[in-house]
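Pasted below: final.csv, CSV, C-alpha atoms.
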```
chain,number,residue,atom,x,y,z
X,236,MET,CA,-25.0,-33.8,13.0
X,237,MET,CA,-26.5,-37.1,12.0
X,238,LYS,CA,-29.1,-37.0,9.3
X,239,LYS,CA,-32.5,-38.0,10.7
X,240,MET,CA,-34.2,-40.2,8.0
X,241,ASN,CA,-37.7,-41.6,8.6
X,242,MET,CA,-37.8,-40.2,12.0
X,243,LYS,CA,-41.0,-39.2,13.7
X,244,LYS,CA,-41.7,-35.4,13.5
X,245,ILE,CA,-42.6,-33.4,16.5
X,246,ILE,CA,-43.7,-29.8,16.7
X,247,ILE,CA,-43.4,-28.1,20.0
X,248,ILE,CA,-45.4,-24.9,20.3
X,249,ASN,CA,-44.6,-22.3,23.0
X,250,SER,CA,-45.3,-18.6,23.1
X,251,ILE,CA,-41.6,-17.7,23.6
X,252,TYR,CA,-38.4,-19.5,22.9
X,253,TYR,CA,-34.7,-19.0,23.6
X,254,PRO,CA,-33.0,-16.6,23.7
X,255,THR,CA,-36.0,-14.7,25.1
X,256,ILE,CA,-36.6,-16.1,28.6
X,257,ILE,CA,-39.5,-15.0,30.8
X,258,GLY,CA,-39.6,-17.9,33.2
X,259,GLY,CA,-39.3,-21.6,33.7
X,260,ALA,CA,-41.5,-22.6,30.8
X,261,GLU,CA,-39.0,-21.2,28.3
X,262,ILE,CA,-36.1,-23.0,30.0
X,263,SER,CA,-37.8,-26.3,30.3
X,264,THR,CA,-39.2,-26.1,26.8
X,265,LYS,CA,-35.7,-25.6,25.4
X,266,ILE,CA,-34.4,-28.6,27.3
X,267,LEU,CA,-37.4,-30.7,26.1
X,268,ALA,CA,-36.8,-29.6,22.5
X,269,GLU,CA,-33.1,-30.4,22.6
X,270,GLU,CA,-33.6,-33.8,24.4
X,271,LEU,CA,-36.3,-34.9,21.9
X,272,ASN,CA,-34.3,-33.7,19.0
X,273,ALA,CA,-31.7,-36.5,19.7
X,274,GLU,CA,-34.3,-39.1,18.7
X,275,TYR,CA,-36.9,-37.2,16.7
X,276,GLU,CA,-37.1,-34.5,14.1
X,277,VAL,CA,-38.2,-31.5,16.3
X,278,THR,CA,-39.5,-28.2,15.1
X,279,MET,CA,-40.0,-25.4,17.6
X,280,LEU,CA,-42.9,-23.1,16.7
X,281,THR,CA,-42.9,-19.8,18.6
X,282,THR,CA,-43.8,-16.1,18.1
X,283,THR,CA,-41.7,-13.1,17.3
X,284,ARG,CA,-42.2,-9.3,17.7
X,285,LYS,CA,-41.4,-8.9,14.0
X,286,LYS,CA,-44.7,-8.2,12.3
X,287,ASP,CA,-43.6,-8.6,8.7
X,288,LYS,CA,-41.8,-12.0,8.3
X,289,THR,CA,-41.4,-15.5,9.6
X,290,ILE,CA,-37.9,-16.3,10.9
X,291,GLU,CA,-36.4,-19.7,10.5
X,292,GLU,CA,-33.2,-20.6,12.3
X,293,GLU,CA,-31.5,-23.4,14.1
X,294,ILE,CA,-30.6,-23.1,17.8
X,295,ASP,CA,-28.5,-25.8,19.5
X,296,GLY,CA,-29.6,-28.3,16.8
X,297,VAL,CA,-33.3,-27.5,17.0
X,298,LYS,CA,-35.1,-26.0,14.0
X,299,VAL,CA,-37.0,-22.9,15.2
X,300,ILE,CA,-39.8,-21.2,13.3
X,301,ARG,CA,-40.8,-17.8,14.7
X,302,ILE,CA,-44.1,-16.5,13.3
X,303,PRO,CA,-45.1,-12.9,13.5
X,304,THR,CA,-47.7,-11.9,15.9
X,305,THR,CA,-50.9,-10.5,14.3
X,306,ASN,CA,-52.0,-9.1,17.7
X,307,ALA,CA,-51.7,-5.6,19.1
X,308,TYR,CA,-48.3,-6.4,20.7
X,309,TRP,CA,-45.9,-9.2,21.3
X,310,MET,CA,-46.7,-11.0,24.5
X,311,PRO,CA,-43.3,-10.4,26.2
X,312,GLU,CA,-43.9,-6.6,25.8
X,313,ARG,CA,-47.2,-6.7,27.7
X,314,ASP,CA,-45.9,-4.6,30.6
X,315,SER,CA,-45.8,-1.5,28.4
X,316,ALA,CA,-49.4,-2.0,27.1
X,317,GLY,CA,-52.3,0.0,28.4
X,318,LYS,CA,-55.5,-1.6,29.9
X,319,LEU,CA,-57.6,-1.3,26.8
X,320,GLN,CA,-54.9,-2.7,24.7
X,321,LYS,CA,-54.5,-5.7,27.0
X,322,ILE,CA,-58.3,-6.4,26.9
X,323,TYR,CA,-58.1,-6.2,23.1
X,324,TRP,CA,-55.1,-8.5,23.1
X,325,HIS,CA,-56.8,-11.2,25.2
X,326,PHE,CA,-59.9,-11.3,23.0
X,327,TYR,CA,-57.9,-11.2,19.8
X,328,ASP,CA,-55.7,-14.0,21.1
X,329,HIS,CA,-58.7,-16.2,21.8
X,330,PHE,CA,-60.6,-15.6,18.6
X,331,SER,CA,-58.1,-14.8,15.9
X,332,VAL,CA,-58.5,-16.8,12.8
X,333,LYS,CA,-55.6,-15.1,11.1
X,334,GLN,CA,-53.0,-16.3,13.7
X,335,PHE,CA,-54.5,-19.9,13.7
X,336,GLN,CA,-54.3,-20.0,9.9
X,337,LYS,CA,-50.6,-19.1,9.9
X,338,VAL,CA,-49.9,-21.9,12.4
X,339,GLU,CA,-52.1,-24.4,10.6
X,340,LYS,CA,-50.2,-23.7,7.3
X,341,ILE,CA,-46.8,-24.4,8.9
X,342,VAL,CA,-48.1,-27.5,10.7
X,343,ASP,CA,-49.7,-28.9,7.5
X,344,GLU,CA,-46.4,-28.4,5.6
X,345,ILE,CA,-44.4,-30.3,8.3
X,346,LYS,CA,-47.1,-33.0,8.9
X,347,PRO,CA,-45.9,-33.9,12.4
X,348,ASP,CA,-46.6,-37.2,14.1
X,349,LEU,CA,-47.2,-35.3,17.4
X,350,ILE,CA,-47.7,-31.7,18.5
X,351,LEU,CA,-46.6,-30.7,22.0
X,352,ILE,CA,-48.2,-27.5,23.1
X,353,GLN,CA,-46.6,-25.8,26.1
X,354,ASN,CA,-47.9,-22.2,26.4
X,355,THR,CA,-50.7,-20.8,24.2
X,356,PRO,CA,-50.6,-17.0,24.6
X,357,GLY,CA,-49.7,-15.5,21.2
X,358,PHE,CA,-51.3,-18.4,19.5
X,359,GLY,CA,-54.6,-18.7,21.4
X,360,THR,CA,-56.4,-21.8,22.4
X,361,LYS,CA,-57.8,-22.0,18.8
X,362,ILE,CA,-54.6,-24.0,18.0
X,363,TRP,CA,-56.2,-26.9,19.8
X,364,ASN,CA,-58.3,-27.3,16.6
X,365,LEU,CA,-55.1,-28.9,15.2
X,366,SER,CA,-56.2,-32.0,17.1
X,367,LYS,CA,-58.8,-32.6,14.4
X,368,LYS,CA,-55.9,-33.7,12.1
X,369,TYR,CA,-53.0,-34.4,14.5
X,370,ARG,CA,-52.1,-35.9,17.8
X,371,VAL,CA,-51.9,-33.0,20.3
X,372,VAL,CA,-50.6,-33.0,23.8
X,373,GLN,CA,-51.1,-29.8,26.0
X,374,THR,CA,-48.9,-29.3,29.0
X,375,LEU,CA,-50.7,-27.4,31.7
X,376,ARG,CA,-48.1,-24.9,32.9
X,377,ASP,CA,-50.1,-22.5,34.9
X,378,TYR,CA,-53.6,-21.3,35.7
X,379,LYS,CA,-53.9,-18.9,32.7
X,380,LEU,CA,-56.0,-21.4,30.7
X,381,ILE,CA,-58.7,-21.2,33.4
X,382,GLU,CA,-58.3,-17.5,34.2
X,383,PRO,CA,-56.6,-15.9,31.2
X,384,THR,CA,-56.8,-12.3,32.7
X,385,ASN,CA,-56.8,-10.7,36.1
X,386,LYS,CA,-60.3,-9.4,35.5
X,387,LYS,CA,-63.1,-11.8,36.6
X,388,ILE,CA,-65.6,-10.4,34.1
X,389,PHE,CA,-63.4,-11.4,31.2
X,390,ASN,CA,-62.5,-14.7,32.7
X,391,LYS,CA,-66.3,-15.6,32.8
X,392,ILE,CA,-66.2,-15.3,29.0
X,393,LEU,CA,-62.7,-16.6,28.1
X,394,GLY,CA,-62.4,-19.4,30.7
X,395,PRO,CA,-65.4,-21.3,29.4
X,396,VAL,CA,-64.2,-20.9,25.8
X,397,ASN,CA,-60.9,-22.5,26.8
X,398,GLN,CA,-62.7,-25.3,28.7
X,399,HIS,CA,-64.9,-26.1,25.7
X,400,ARG,CA,-61.9,-26.0,23.3
X,401,SER,CA,-59.8,-28.2,25.6
X,402,ASN,CA,-62.3,-31.0,24.9
X,403,LYS,CA,-60.8,-31.2,21.4
X,404,VAL,CA,-57.4,-32.3,22.7
X,405,LYS,CA,-57.2,-36.1,23.0
```
So, in terms of C-alpha coordinates, how does the structure I just supplied come out?
Amino acid sequence: MMKKMNMKKIIIINSIYYPTIIGGAEISTKILAEELNAEYEVTMLTTTRKKDKTIEEEIDGVKVIRIPTTNAYWMPERDSAGKLQKIYWHFYDHFSVKQFQKVEKIVDEIKPDLILIQNTPGFGTKIWNLSKKYRVVQTLRDYKLIEPTNKKIFNKILGPVNQHRSNKVK
(Lines of atoms letter the chains of each structure in order from A and count residues from 1; the text may use other names and numbers.)
(Lines give C-alpha, C1' and ligand atoms only; values in the text may rest on other atoms or scores of the structure.)
Protein backbone atom coordinates (compact mmCIF):
# COMPACT_ATOMS: atom_id res chain seq x y z
CA MET A 1 0.00 0.00 0.00
CA MET A 2 1.26 3.45 -0.91
CA LYS A 3 2.26 5.63 2.04
CA LYS A 4 -0.04 8.63 2.30
CA MET A 5 2.08 11.62 3.18
CA ASN A 6 0.58 15.06 3.70
CA MET A 7 -2.82 13.76 2.72
CA LYS A 8 -5.97 15.21 4.13
CA LYS A 9 -7.43 13.28 7.03
CA ILE A 10 -11.07 12.25 7.12
CA ILE A 11 -12.91 10.58 9.96
CA ILE A 12 -16.11 8.78 9.09
CA ILE A 13 -18.43 8.13 12.04
CA ASN A 14 -21.10 5.45 11.81
CA SER A 15 -22.80 3.46 14.55
CA ILE A 16 -21.91 0.11 13.01
CA TYR A 17 -19.21 -0.96 10.59
CA TYR A 18 -18.27 -4.09 8.69
CA PRO A 19 -18.39 -7.00 9.39
CA THR A 20 -21.55 -6.16 11.34
CA ILE A 21 -24.22 -5.27 8.77
CA ILE A 22 -27.74 -4.20 9.71
CA GLY A 23 -28.72 -2.47 6.49
CA GLY A 24 -27.73 -0.24 3.62
CA ALA A 25 -26.01 2.40 5.76
CA GLU A 26 -23.28 -0.03 6.77
CA ILE A 27 -22.75 -1.22 3.20
CA SER A 28 -22.63 2.26 1.65
CA THR A 29 -20.43 3.58 4.49
CA LYS A 30 -17.91 0.79 3.85
CA ILE A 31 -17.87 1.64 0.13
CA LEU A 32 -17.47 5.36 0.95
CA ALA A 33 -14.58 4.68 3.35
CA GLU A 34 -12.74 2.47 0.87
CA GLU A 35 -13.21 4.87 -2.06
CA LEU A 36 -12.11 7.93 -0.06
CA ASN A 37 -9.17 5.97 1.35
CA ALA A 38 -7.63 5.86 -2.13
CA GLU A 39 -7.10 9.64 -2.00
CA TYR A 40 -7.27 10.55 1.70
CA GLU A 41 -6.18 9.19 5.04
CA VAL A 42 -9.48 7.73 6.29
CA THR A 43 -10.26 6.58 9.80
CA MET A 44 -13.57 4.84 10.45
CA LEU A 45 -14.91 5.49 13.96
CA THR A 46 -17.60 3.09 15.11
CA THR A 47 -18.90 1.34 18.23
CA THR A 48 -18.34 -2.12 19.65
CA ARG A 49 -20.20 -4.28 22.14
CA LYS A 50 -17.00 -4.71 24.13
CA LYS A 51 -17.29 -2.52 27.20
CA ASP A 52 -13.68 -2.63 28.31
CA LYS A 53 -11.43 -1.65 25.42
CA THR A 54 -11.06 0.28 22.20
CA ILE A 55 -10.25 -1.93 19.23
CA GLU A 56 -8.04 -0.69 16.39
CA GLU A 57 -7.82 -2.70 13.20
CA GLU A 58 -7.47 -2.36 9.46
CA ILE A 59 -10.22 -3.65 7.18
CA ASP A 60 -9.70 -3.58 3.43
CA GLY A 61 -7.11 -0.82 3.80
CA VAL A 62 -9.24 1.39 6.08
CA LYS A 63 -8.17 2.11 9.66
CA VAL A 64 -11.10 1.23 11.94
CA ILE A 65 -11.41 2.34 15.56
CA ARG A 66 -14.19 0.69 17.54
CA ILE A 67 -14.97 2.41 20.81
CA PRO A 68 -16.80 0.67 23.61
CA THR A 69 -20.37 1.65 24.23
CA THR A 70 -21.00 3.27 27.59
CA ASN A 71 -24.75 2.80 27.20
CA ALA A 72 -27.01 0.04 28.55
CA TYR A 73 -26.49 -2.15 25.48
CA TRP A 74 -24.86 -2.11 22.06
CA MET A 75 -27.26 -0.74 19.47
CA PRO A 76 -27.34 -3.85 17.22
CA GLU A 77 -28.56 -5.84 20.24
CA ARG A 78 -31.60 -3.62 20.82
CA ASP A 79 -34.10 -6.32 19.90
CA SER A 80 -33.30 -8.21 23.10
CA ALA A 81 -33.70 -5.10 25.32
CA GLY A 82 -36.81 -4.42 27.38
CA LYS A 83 -38.98 -1.30 27.06
CA LEU A 84 -37.51 0.52 30.07
CA GLN A 85 -34.00 -0.33 28.97
CA LYS A 86 -34.75 1.13 25.51
CA ILE A 87 -36.10 4.35 27.03
CA TYR A 88 -32.98 4.65 29.18
CA TRP A 89 -30.81 3.90 26.11
CA HIS A 90 -32.33 6.75 24.07
CA PHE A 91 -31.94 9.35 26.82
CA TYR A 92 -28.40 8.23 27.60
CA ASP A 93 -27.55 8.28 23.89
CA HIS A 94 -28.72 11.88 23.61
CA PHE A 95 -27.19 13.28 26.77
CA SER A 96 -24.09 11.18 27.52
CA VAL A 97 -21.05 13.31 28.13
CA LYS A 98 -18.89 10.22 28.72
CA GLN A 99 -19.38 8.80 25.21
CA PHE A 100 -18.83 12.23 23.63
CA GLN A 101 -15.58 12.68 25.57
CA LYS A 102 -14.28 9.35 24.24
CA VAL A 103 -15.04 10.42 20.68
CA GLU A 104 -13.61 13.91 21.15
CA LYS A 105 -10.35 12.50 22.53
CA ILE A 106 -9.84 10.27 19.49
CA VAL A 107 -10.80 13.03 17.06
CA ASP A 108 -8.43 15.50 18.74
CA GLU A 109 -5.58 12.98 18.44
CA ILE A 110 -6.22 12.48 14.70
CA LYS A 111 -6.96 16.16 13.92
CA PRO A 112 -9.02 15.49 10.79
CA ASP A 113 -9.62 18.00 8.03
CA LEU A 114 -13.17 16.70 7.72
CA ILE A 115 -15.59 14.56 9.74
CA LEU A 116 -18.32 12.71 7.86
CA ILE A 117 -21.10 11.55 10.17
CA GLN A 118 -23.36 8.83 8.84
CA ASN A 119 -25.48 7.37 11.68
CA THR A 120 -25.38 8.77 15.21
CA PRO A 121 -26.98 6.07 17.44
CA GLY A 122 -24.37 4.85 19.89
CA PHE A 123 -22.63 8.23 19.70
CA GLY A 124 -25.59 10.54 20.15
CA THR A 125 -26.13 13.86 18.42
CA LYS A 126 -23.85 15.48 20.98
CA ILE A 127 -21.06 14.56 18.54
CA TRP A 128 -22.25 17.48 16.40
CA ASN A 129 -20.44 19.62 18.99
CA LEU A 130 -17.27 18.55 17.15
CA SER A 131 -18.23 21.18 14.58
CA LYS A 132 -16.94 23.83 17.00
CA LYS A 133 -13.40 22.71 16.08
CA TYR A 134 -13.75 20.71 12.86
CA ARG A 135 -15.62 20.71 9.56
CA VAL A 136 -18.52 18.29 9.99
CA VAL A 137 -20.87 16.91 7.36
CA GLN A 138 -23.92 14.92 8.50
CA THR A 139 -25.56 12.54 6.02
CA LEU A 140 -29.27 12.24 6.69
CA ARG A 141 -29.91 8.54 6.33
CA ASP A 142 -33.31 8.14 7.87
CA TYR A 143 -36.02 9.78 9.94
CA LYS A 144 -34.46 8.80 13.30
CA LEU A 145 -32.93 12.22 13.86
CA ILE A 146 -36.41 13.75 13.82
CA GLU A 147 -38.21 10.90 15.58
CA PRO A 148 -35.59 8.92 17.50
CA THR A 149 -38.08 6.50 19.09
CA ASN A 150 -41.45 5.01 18.22
CA LYS A 151 -43.00 6.83 21.21
CA LYS A 152 -44.39 10.28 20.41
CA ILE A 153 -43.98 11.53 23.99
CA PHE A 154 -40.22 10.93 23.92
CA ASN A 155 -39.89 12.34 20.40
CA LYS A 156 -41.36 15.62 21.68
CA ILE A 157 -38.30 15.86 23.95
CA LEU A 158 -35.54 14.28 21.85
CA GLY A 159 -36.56 15.59 18.41
CA PRO A 160 -36.19 19.28 19.36
CA VAL A 161 -32.84 18.51 21.04
CA ASN A 162 -31.60 17.07 17.74
CA GLN A 163 -33.01 20.00 15.79
CA HIS A 164 -31.25 22.49 18.07
CA ARG A 165 -27.96 20.58 17.95
CA SER A 166 -28.12 20.24 14.17
CA ASN A 167 -27.70 24.00 13.90
CA LYS A 168 -24.08 23.48 14.97
CA VAL A 169 -23.26 21.52 11.83
CA LYS A 170 -22.08 23.86 9.10
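Here CA of Arg301 (chain X) is placed at a distance of 8.2 Å from CA of Met279 (chain X).
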For each of X:His329, X:Ile345, X:Ile362, X:Ala268, take the minimum atom-to-atom distance to Pro395 (chain X), counting all atoms listed in the file, then give the residue where this is smallest.
X:His329
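Of the residues under consideration (X:Val297, X:Leu280, X:Val404, X:Leu380), X:Val404 shows the shortest atom-to-atom contact distance to Trp363 (chain X) when counting only C-alpha atoms.
Distance-wise, CA of Arg284 (chain X) and CA of Gln336 (chain X) end up 17.9 Å apart.
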So, counting all atoms listed in the file, which residue among X:Val371, X:Val277, X:Ala307, X:Ile302 is closest to Asp328 (chain X)?
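Closest candidate: X:Ala307.
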With distances taken over all atoms listed in the file, which of X:Thr278, X:Asn385, X:Ser263, X:Thr305 is nearest to Glu293 (chain X)?
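Nearest candidate to Glu293 (chain X) out of X:Thr278, X:Asn385, X:Ser263, X:Thr305: X:Thr278.
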Neighbour list for Ile300 (chain X) as a ChimeraX atom specification, cut-off 12 Å, all atoms listed in the file, skip fewer than 3 positions in-chain
/X:246-253,277-283,288-294,297,303,337-338,341-342,345
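Among X:Phe389, X:Tyr275, X:Tyr327, X:Phe335, the residue with the shortest atom-to-atom distance to Asn364 (chain X), counting only C-alpha atoms, is X:Phe335.
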Residues of region 267-327 of chain X within 8 Å of region 351-358 of chain X: nearest atom pair and distance (Å, one decimal) for each, counting only C-alpha atoms, sorted by chain and number, as a tab-separated table?
```
residue	atom	partner	partner_atom	distance
X:Thr282	CA	X:Gly357	CA	6.7
X:Thr304	CA	X:Gly357	CA	6.7
X:Asn306	CA	X:Gly357	CA	7.6
X:Trp309	CA	X:Gly357	CA	7.4
X:Met310	CA	X:Gly357	CA	6.3
```
Top pick for closest residue to Ser366 (chain X), considering X:Thr384, X:Ser401, X:Thr255, X:Asn272 and counting all atoms listed in the file
X:Ser401
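The space between CA of Lys333 (chain X) and CA of Arg400 (chain X) spans 17.5 Å.
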If you count only C-alpha atoms, which residues fall within 10 Å of Lys391 (chain X), apart from same-chain ones fewer than 5 positions away, as a ChimeraX atom specification?
/X:381-383,386,396
Neighbours of Lys243 (chain X) within 8 Å (only C-alpha atoms; same-chain residues fewer than 3 positions away dropped), as number ranges by chain?
X: 275-276, 347-348
If you count all atoms listed in the file, which residues fall within 8 Å of Leu349 (chain X), apart from same-chain ones fewer than 5 positions away, as a list in words?
Lys244, Ile245, Ile246, Tyr369, Arg370, Val371 and Val372 of chain X
Just the selected residues (C-alpha atoms), exported as a tab-separated table (two decimals), keeping the file's coordinate frame, please.
```tsv
chain	number	residue	atom	x	y	z
X	244	LYS	CA	-41.70	-35.40	13.50
X	245	ILE	CA	-42.60	-33.40	16.50
X	246	ILE	CA	-43.70	-29.80	16.70
X	369	TYR	CA	-53.00	-34.40	14.50
X	370	ARG	CA	-52.10	-35.90	17.80
X	371	VAL	CA	-51.90	-33.00	20.30
X	372	VAL	CA	-50.60	-33.00	23.80
```
